[in-house]
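What follows is a short report on a single structure.
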Amino acid sequence: FTTTKWWACLISLTLFPVAAAFGVPVLALGVRRYTHEDNRGYAFSFFYVVLCVACLVGSIIINRVRAYVLEPIVMCGMEWSWLRIVLLMCVLSTAYTVPATYCLRDIQVLSDRPLKERAYCQYKPKQGGLADATKEVVGQRRFWRLAAVTLMFCGVRMTFRHLDATFPKYFERTFGAQAPFELILCINPIVTMIATPLATGLLLHYKVRYDKALVFGAFVSGLSIFCLAAWESFSGAVLFVCALSIGEA
């Protein structure tokens, strides 16, 4: 509801990153805690599919709002552009998570027991403060391996951030204010949902190691941006998103 760019910048650089950190990563931890080792792979696949469907629905909502709100409308004494309306819908659609958290049971599924027993126990967090938890994490070799892999793939991940942050503005400036960038973006979840099980099946069939799969996926994703650089057109944008999605899968 702010009308000052300074407040918008402040919130974007402070509260928004913190909220994002408590978003998908925390949900992934929840999937891990509430699942058994035998069905955890399926659970994460379902979790990823839901995220893709959410991206697809979000793109469709943006397209419909832009189609109906061509000019800012006055509501509650304020001017509402299509972008402000989309932001309001985002707030309303995520606000339900607050009451939903009260419906969760604080449990831990026991993976050392057979899956058919559906055994679980009350979750007991480890004792100690933030300093103790930090010391325990940084003392694990797995943490440093994960940090190293994440750092190596930061360059490729920048392409995904371009798709989210700068691609819509680029598309509007290149092809006009009414260019349907959201329809191009919705290709990503569609291709990802289709290509992920196919790619997983091929990798398992040919017994491809994880490191080689990561390098190949990063190579395809990294090359995707050159499609847009070579063909500055709708076709180039489609090829860019398709190649990026295949690399992601």
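Each chain of the structure tokens is named A, B, ... in the order shown, its residues numbered from 1; ligands are numbered from 1 in display order.
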Polymer residues at most 8 Å from segment 239-241 of chain A, only C-alpha atoms, same-chain spacing of 4 or more positions, as a PyMOL selection string: chain A and resi 184-185+187-188+224-228+235+245
Would you please extract all helix (DSSP H, G or I) residues from segment 133-217 of chain A, as assigned by DSSP on the backbone, and give them as number ranges by chain? A: 133-138, 141-152, 154-175, 181-185, 187-205, 210-217
Pick from A:Ile61, A:Val220, A:Ile107, A:Leu115: nearest to Tyr34 of chain A, with only C-alpha atoms counted?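 Closest residue, counting only C-alpha atoms: A:Ile107.
Between Phe219 of chain A and the candidates A:Ala177, A:Leu198, A:Val238, A:Val156, the tightest atom-to-atom separation, counting only C-alpha atoms, involves A:Val156.
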Based on the backbone DSSP call, show me all residues of segment 93-187 of chain A assigned strand (DSSP E or B), as a list of chain:residue names. A:Ile107, A:Gln108, A:Val109, A:Tyr120, A:Cys121, A:Gln122
Near Asn39 of chain A, within 12 Å and counting only C-alpha atoms, which residues show up once chain neighbours fewer than 5 positions away are dropped, as a VMD selection string? chain A and resid 31 to 34 44 to 46 109 111 114 to 116 118
If we count only C-alpha atoms and set the cut-off at 12 Å, which residues sit around Gly247 of chain A, ignoring sequence neighbours fewer than 4 positions away in its own chain? Please answer as a ChimeraX atom specification. /A:156-157,159-160,188,191-192,195-196,199,213-225,240-243
Have a look at atom CA of Asp211 of chain A and atom CA of Ala133 of chain A and let me know their distance in Å, one decimal.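 Separating atom CA of Asp211 of chain A from atom CA of Ala133 of chain A is a distance of 28.9 Å.
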